[in-house]
Amino acid sequence: MAVLLPYRDDYYLWNYLPSVAAAVIFLLFFLALAFLHTWKIRQTGCKFCICFTIGCFFEFIGYCGRASAHRKTDKLMPYIIQSIFILVAPALFAASIYMTLGRIVRSVRGEHHSVIRINWLTKLFVIGDVLSFMIQSGSSGLMFNSSTVKMGEMMVTTGLFVQIISFGLFFVTAGIFHMRMRKQPTPESYVTDALWKESLIMLYVVSFLIFARSLFRVVEYIQGQQGYALQHEWTLYLFDSVPMAAVAAVFFWRFPSTLVPPPVSHEGLILNGRK
């Protein structure tokens, strides 16, 4: 029978015995979504979604670590694996989400409706995402030592705030573009085969879920090792695992494979009034 053991002296990595059943459910789910996304990329050639697929594999690896840790609460490696991979996976989701907005704009030739110049739109958000990823992954290693855990928590919180700010600006940018397109739709928006409206709604949903999850993580790290969130396993699954599983499923359901600009001939027909 598994028991909670200290890592070193009286320092515990875990405040509870991690559930094997819950971990297995989510590792299987993310493994399935990872293969489904891989298949979709091979079918459609949407290479900008590779980051999202890697994020699904990261989640899978993280929950493998949690399942393994059930009988190894005194071992550092399972704790490191689950902590880092589950923490940073949403940053990889975000990279593909940011790139999707740029493709939505181009699919309806709505560059003039974007509040940020289209050449910089994806780059700015991805740069913020990479910064968040590097801060979170780089500082996670500090949390496995009792003498540096506070510094690690502070740095991870900083990385999460970068992610929250990026998503806040992303919401505003996508919302302004959407509002302008509703007021002054481009001719291409009527003839394109791209499901740009549905893709925008998908972006709102997955972005909100990641935004809310990041807020939870901030609260978790601000509370610290003795806080309620890290003392109870159900908070992780309710506010992180479930939302990220929903993100992976929704993104696959509304996979952005149709987001290509319409043929020039369509544009010419409309502009010349001969549709």
# chains A, B, ... in the order shown; residues from 1 in each chain; ligands from 1
>>> select_by_dssp(residues="stretch 12-261 of chain A", states="helix (DSSP H, G or I)", output="PyMOL selection string")
chain A and resi 20-44+47-69+76-107+111-113+118-144+149-183+188-191+196-223+228-231+233-253
>>> residues_around(residues="A:Tyr98", least_positions_apart="3", cutoff="6 Å", atoms="only C-alpha atoms", output="PyMOL selection string")
chain A and resi 95+101+122
>>> atom_distance(atom1="atom CA of A:Ile127", atom2="atom CA of A:Phe252")
24.1 Å
>>> atom_distance(atom1="atom CA of A:Val206", atom2="atom CA of A:Ala245")
10.2 Å
>>> closest_atom_pairs(of="stretch 45-154 of chain A", to="stretch 224-228 of chain A", cutoff="10 Å", atoms="only C-alpha atoms", output="CSV")
residue,atom,partner,partner_atom,distance
A:Met143,CA,A:Gln225,CA,9.7
A:Val149,CA,A:Gln225,CA,8.7
A:Lys150,CA,A:Gly224,CA,7.8
A:Glu153,CA,A:Gly224,CA,7.3
A:Met154,CA,A:Gly224,CA,9.4
>>> atom_distance(atom1="atom CA of A:Tyr12", atom2="atom CA of A:Leu76")
10.3 Å
>>> residues_around(residues="stretch 247-251 of chain A", least_positions_apart="2", cutoff="10 Å", atoms="only C-alpha atoms", output="ChimeraX atom specification")
/A:29-30,33-34,36-37,49,52-53,55-56,90,93,96-97,199,202-203,205-210,241-245,253-256
>>> residues_around(residues="A:Ile135", least_positions_apart="3", cutoff="8 Å", atoms="only C-alpha atoms", output="PyMOL selection string")
chain A and resi 131-132+138-139+155-156+158-159
>>> residues_around(residues="A:Leu17", least_positions_apart="6", cutoff="12 Å", atoms="only C-alpha atoms", output="VMD selection string")
chain A and resid 1 to 6 23 66 to 74 79 230 to 234
>>> write_last_selection(atoms="N, CA and C atoms", output="PDB file, in the first residue's frame")
ATOM      1  N   MET A   1       0.839  -1.204   0.000  1.00  0.00           N
ATOM      2  CA  MET A   1       0.000   0.000   0.000  1.00  0.00           C
ATOM      3  C   MET A   1       0.871   1.250   0.000  1.00  0.00           C
ATOM      4  N   ALA A   2       0.568   2.197  -0.893  1.00  0.00           N
ATOM      5  CA  ALA A   2       1.368   3.412  -1.014  1.00  0.00           C
ATOM      6  C   ALA A   2       1.136   4.330   0.187  1.00  0.00           C
ATOM      7  N   VAL A   3       2.220   4.952   0.637  1.00  0.00           N
ATOM      8  CA  VAL A   3       2.146   5.913   1.743  1.00  0.00           C
ATOM      9  C   VAL A   3       2.911   7.169   1.345  1.00  0.00           C
ATOM     10  N   LEU A   4       2.547   8.282   1.945  1.00  0.00           N
ATOM     11  CA  LEU A   4       3.205   9.555   1.658  1.00  0.00           C
ATOM     12  C   LEU A   4       4.548   9.599   2.385  1.00  0.00           C
ATOM     13  N   LEU A   5       5.622   9.773   1.613  1.00  0.00           N
ATOM     14  CA  LEU A   5       6.972   9.755   2.173  1.00  0.00           C
ATOM     15  C   LEU A   5       7.671  11.088   1.948  1.00  0.00           C
ATOM     16  N   PRO A   6       8.558  11.492   2.852  1.00  0.00           N
ATOM     17  CA  PRO A   6       9.310  12.739   2.668  1.00  0.00           C
ATOM     18  C   PRO A   6      10.424  12.553   1.642  1.00  0.00           C
ATOM     19  N   ALA A  23      -4.944  10.352 -12.975  1.00  0.00           N
ATOM     20  CA  ALA A  23      -3.811  10.581 -13.872  1.00  0.00           C
ATOM     21  C   ALA A  23      -3.928   9.736 -15.134  1.00  0.00           C
ATOM     22  N   ARG A  66       2.592  11.892 -12.901  1.00  0.00           N
ATOM     23  CA  ARG A  66       1.700  11.857 -11.737  1.00  0.00           C
ATOM     24  C   ARG A  66       1.299  10.420 -11.391  1.00  0.00           C
ATOM     25  N   ALA A  67       1.005   9.616 -12.404  1.00  0.00           N
ATOM     26  CA  ALA A  67       0.642   8.219 -12.151  1.00  0.00           C
ATOM     27  C   ALA A  67       1.795   7.471 -11.503  1.00  0.00           C
ATOM     28  N   SER A  68       3.009   7.726 -12.001  1.00  0.00           N
ATOM     29  CA  SER A  68       4.200   7.064 -11.456  1.00  0.00           C
ATOM     30  C   SER A  68       4.485   7.502 -10.029  1.00  0.00           C
ATOM     31  N   ALA A  69       4.140   8.748  -9.713  1.00  0.00           N
ATOM     32  CA  ALA A  69       4.476   9.298  -8.402  1.00  0.00           C
ATOM     33  C   ALA A  69       3.650   8.711  -7.266  1.00  0.00           C
ATOM     34  N   HIS A  70       2.568   7.996  -7.586  1.00  0.00           N
ATOM     35  CA  HIS A  70       1.698   7.455  -6.532  1.00  0.00           C
ATOM     36  C   HIS A  70       2.484   6.611  -5.528  1.00  0.00           C
ATOM     37  N   ARG A  71       3.401   5.815  -6.029  1.00  0.00           N
ATOM     38  CA  ARG A  71       4.220   4.974  -5.150  1.00  0.00           C
ATOM     39  C   ARG A  71       5.636   5.498  -5.001  1.00  0.00           C
ATOM     40  N   LYS A  72       5.870   6.714  -5.476  1.00  0.00           N
ATOM     41  CA  LYS A  72       7.229   7.275  -5.423  1.00  0.00           C
ATOM     42  C   LYS A  72       7.194   8.722  -4.935  1.00  0.00           C
ATOM     43  N   THR A  73       6.435   8.968  -3.872  1.00  0.00           N
ATOM     44  CA  THR A  73       6.312  10.345  -3.375  1.00  0.00           C
ATOM     45  C   THR A  73       7.610  10.872  -2.777  1.00  0.00           C
ATOM     46  N   ASP A  74       8.578   9.985  -2.563  1.00  0.00           N
ATOM     47  CA  ASP A  74       9.881  10.414  -2.046  1.00  0.00           C
ATOM     48  C   ASP A  74      10.915  10.559  -3.156  1.00  0.00           C
ATOM     49  N   TYR A  79       8.080  13.842  -9.730  1.00  0.00           N
ATOM     50  CA  TYR A  79       7.550  15.153  -9.334  1.00  0.00           C
ATOM     51  C   TYR A  79       7.985  16.227 -10.327  1.00  0.00           C
ATOM     52  N   LEU A 230      -2.506  23.596  -3.343  1.00  0.00           N
ATOM     53  CA  LEU A 230      -1.480  22.551  -3.376  1.00  0.00           C
ATOM     54  C   LEU A 230      -1.683  21.498  -2.297  1.00  0.00           C
ATOM     55  N   GLN A 231      -2.588  21.764  -1.392  1.00  0.00           N
ATOM     56  CA  GLN A 231      -2.903  20.785  -0.353  1.00  0.00           C
ATOM     57  C   GLN A 231      -3.977  19.802  -0.809  1.00  0.00           C
ATOM     58  N   HIS A 232      -4.704  20.153  -1.881  1.00  0.00           N
ATOM     59  CA  HIS A 232      -5.829  19.331  -2.332  1.00  0.00           C
ATOM     60  C   HIS A 232      -5.707  19.057  -3.835  1.00  0.00           C
ATOM     61  N   GLU A 233      -5.687  17.797  -4.201  1.00  0.00           N
ATOM     62  CA  GLU A 233      -5.457  17.410  -5.594  1.00  0.00           C
ATOM     63  C   GLU A 233      -6.610  17.792  -6.512  1.00  0.00           C
ATOM     64  N   TRP A 234      -7.825  17.810  -6.009  1.00  0.00           N
ATOM     65  CA  TRP A 234      -8.988  18.052  -6.865  1.00  0.00           C
ATOM     66  C   TRP A 234      -8.922  19.415  -7.547  1.00  0.00           C
TER      67      TRP A 234
END
